Each structure stands twice: as structure tokens, then as C-alpha cells.
Amino acid sequence: MKKKKRNAAAARGDRRPPAPVRAARLTTPDLVLLSLLAERAMHGYQANLELERREVRDWAGISRPQVYYSLEKLAKRGLIQVSESASAAAGPQRTAYQTTAQGRNELALALAAGGWTTQRERPAFLTWMALSWQAKSGVFRKQLARRRSFLEKELQREETTLQSILQEVGHAHHEAVWMVRLMTEQFRTELRWLADVEEESERRRPALRPAYVQAEN
């Protein structure tokens, strides 16, 4: 029946507009670049250097190839444009882009989504902890020591980063300061927790009343 209706519509010369194609959603690399280029115009190489300087990959998964892919994608969608001050002879690898008004609006809309605030992390260390009872003797405490050493180094690195940020921005009321403070507090909290686990590890034992899902007949 549906096929007959379509054939009849074609015979009458119906010319309905095609259904709109939904644009691909903006990814994390897209949003990071929109925000970066809203500060000032940059080309891809500059953007990569600035992302590395700010240690963005500590809190956002964005690789060097993704930067160039996002630049192309955002330009096609009109969310960034070639900077008016960019030299025409610079070539595609040195073409500087800046975020458009549409791009800033799209970024603002994306940042209003609830998903940013309603997700839990799934760190690999928690997965290891859940499975660690299967490890061989001695591995549990050895892995805890490795984790502690890693956290101590990361904490020291973040504290150094915080001092650099404070020197650059000149005050403590900045998003970069708040972010690094959160990371340092998380590291300190986990280090205290690790100390408790190491102290209690000798008393570790299986569940006394394990419960399992019963299969239905």
C-alpha cells in the first residue's frame, strides 16, 4: 500500500523537500577547540602546542590528528572561520581560525547539557580492585605501592602546575585554578584511602554471606 501511495505521488509530480539531515554532534575535541579559538585565532600547529602547554590531555581526550579533523569539521559547519588577520599565503597548514558567533552559540548550548554533571568515572584502578582477589600472593600490596607512587608523582606535578597557573592568571578565582585544586584534592583523598587499605589488607577475607542471582526456570 505504501509503495502505491509513493508511486501515485510521483505521478502527480509531488516534490516534497527532503528530510533535514541532522548534523553530527559536537565531540569533546570540537568543544575544546571552539573554546580555544574563541580566545584568539590560531592555526592547527599553534592549537596543538597550546593544548600541550595547558596539559589539556589530563582532562580531555584529544589527540593531534583530532585537532586537524575538528578544524575541518567545524569550518564546514560554519562554527569557525578563517581569521581576518590570517595571511592568504600561509597555506592550509598555517591557516588561522577563529570561532564564529554561531560557534560560540553552539558551544554554549552544548555546555548547558545535563550529561556533564550526571556521570561517574570508571577508573581502571577501581576495576583492578574489584578483581584483585584473583591475583597471586603478594601482588595486592605491590600494586597498592605502585598506585601510591604514581599518585605522589601526579600530586607533585599538579602542585607545580597550580603555581604556574596562579602566576599566569594572577588570581585564584579562575577555572584552571579550580580544576587543578580538584585534582590535587582527589589525589590527596586517594592517598589517605590507600594508607587505610594497606593497613587493613592483612585482614582481607571473602564475603560472609554472598548472594547470587537465581536463574529462572
# chains A, B, ... in the order shown; residues from 1 in each chain; ligands from 1

$ residues_around --residues "Leu166 of chain A" --least-positions-apart "5" --cutoff "12 Å" --atoms "only C-alpha atoms" --output "number ranges by chain"
A: 159-161, 171-178, 180-181

$ write_last_selection --atoms "N, CA and C atoms" --output "PDB file, in the first residue's frame"
ATOM      1  N   GLU A 159      50.739  20.193  41.725  1.00  0.00           N
ATOM      2  CA  GLU A 159      51.055  21.327  42.594  1.00  0.00           C
ATOM      3  C   GLU A 159      51.979  22.311  41.889  1.00  0.00           C
ATOM      4  N   THR A 160      52.921  21.783  41.099  1.00  0.00           N
ATOM      5  CA  THR A 160      53.798  22.647  40.296  1.00  0.00           C
ATOM      6  C   THR A 160      52.986  23.379  39.237  1.00  0.00           C
ATOM      7  N   THR A 161      52.062  22.646  38.606  1.00  0.00           N
ATOM      8  CA  THR A 161      51.196  23.256  37.590  1.00  0.00           C
ATOM      9  C   THR A 161      50.356  24.367  38.187  1.00  0.00           C
ATOM     10  N   HIS A 171      45.458  35.471  39.812  1.00  0.00           N
ATOM     11  CA  HIS A 171      44.493  35.389  40.912  1.00  0.00           C
ATOM     12  C   HIS A 171      44.017  33.941  41.046  1.00  0.00           C
ATOM     13  N   ALA A 172      43.332  33.653  42.161  1.00  0.00           N
ATOM     14  CA  ALA A 172      42.924  32.275  42.453  1.00  0.00           C
ATOM     15  C   ALA A 172      41.507  31.957  41.981  1.00  0.00           C
ATOM     16  N   HIS A 173      40.800  32.933  41.407  1.00  0.00           N
ATOM     17  CA  HIS A 173      39.399  32.730  41.039  1.00  0.00           C
ATOM     18  C   HIS A 173      39.280  32.497  39.531  1.00  0.00           C
ATOM     19  N   HIS A 174      39.827  31.395  39.082  1.00  0.00           N
ATOM     20  CA  HIS A 174      39.891  31.070  37.652  1.00  0.00           C
ATOM     21  C   HIS A 174      39.597  29.587  37.488  1.00  0.00           C
ATOM     22  N   GLU A 175      38.941  29.231  36.373  1.00  0.00           N
ATOM     23  CA  GLU A 175      38.552  27.822  36.181  1.00  0.00           C
ATOM     24  C   GLU A 175      39.735  26.868  36.193  1.00  0.00           C
ATOM     25  N   ALA A 176      40.874  27.288  35.658  1.00  0.00           N
ATOM     26  CA  ALA A 176      42.049  26.412  35.649  1.00  0.00           C
ATOM     27  C   ALA A 176      42.543  26.149  37.069  1.00  0.00           C
ATOM     28  N   VAL A 177      42.475  27.175  37.926  1.00  0.00           N
ATOM     29  CA  VAL A 177      42.876  27.001  39.325  1.00  0.00           C
ATOM     30  C   VAL A 177      41.932  26.020  40.021  1.00  0.00           C
ATOM     31  N   TRP A 178      40.642  26.191  39.820  1.00  0.00           N
ATOM     32  CA  TRP A 178      39.665  25.308  40.460  1.00  0.00           C
ATOM     33  C   TRP A 178      39.835  23.863  39.995  1.00  0.00           C
ATOM     34  N   VAL A 180      42.602  22.336  38.856  1.00  0.00           N
ATOM     35  CA  VAL A 180      43.804  21.713  39.409  1.00  0.00           C
ATOM     36  C   VAL A 180      43.644  21.468  40.908  1.00  0.00           C
ATOM     37  N   ARG A 181      42.978  22.391  41.596  1.00  0.00           N
ATOM     38  CA  ARG A 181      42.713  22.171  43.017  1.00  0.00           C
ATOM     39  C   ARG A 181      41.871  20.925  43.238  1.00  0.00           C
TER      40      ARG A 181
END

$ closest_atom_pairs --of "segment 156-202 of chain A" --to "segment 120-141 of chain A" --cutoff "10 Å" --atoms "only C-alpha atoms" --output "Markdown table"
| residue | atom | partner | partner_atom | distance |
| --- | --- | --- | --- | --- |
| A:Val197 | CA | A:Arg141 | CA | 9.3 |
| A:Glu198 | CA | A:Arg141 | CA | 6.9 |
| A:Ser201 | CA | A:Arg141 | CA | 7.7 |
| A:Glu202 | CA | A:Arg141 | CA | 9.6 |

$ write_last_selection --atoms "C-alpha atoms" --output "short mmCIF file (atom, residue, chain, number, x, y, z; two decimals), in the first residue's frame"
data_model
loop_
_atom_site.label_atom_id
_atom_site.label_comp_id
_atom_site.auth_asym_id
_atom_site.auth_seq_id
_atom_site.Cartn_x
_atom_site.Cartn_y
_atom_site.Cartn_z
CA VAL A 197 43.68 -0.15 52.70
CA GLU A 198 47.36 -1.06 53.13
CA SER A 201 44.99 -5.60 53.85
CA GLU A 202 46.16 -8.37 56.21
#

$ closest_residue --among "A:Val213, A:Ile165, A:Leu34, A:Ala207" --to "Leu111 of chain A" --atoms "only C-alpha atoms"
A:Leu34

$ atom_distance --atom1 "atom CA of Gly44 of chain A" --atom2 "atom CA of Leu109 of chain A"
24.4 Å

$ closest_residue --among "A:Val56, A:Leu74, A:Ile62, A:Leu155" --to "Met183 of chain A" --atoms "only C-alpha atoms"
A:Leu155

$ closest_residue --among "A:Trp59, A:Leu208, A:Arg64, A:Arg148" --to "Trp193 of chain A" --atoms "only C-alpha atoms"
A:Arg148

$ residues_around --residues "Arg77 of chain A" --least-positions-apart "4" --cutoff "12 Å" --atoms "only C-alpha atoms" --output "JSON, numbers by chain"
{"A": [22, 23, 24, 25, 26, 30, 70, 71, 72, 73, 81, 99, 100, 102, 103, 106]}
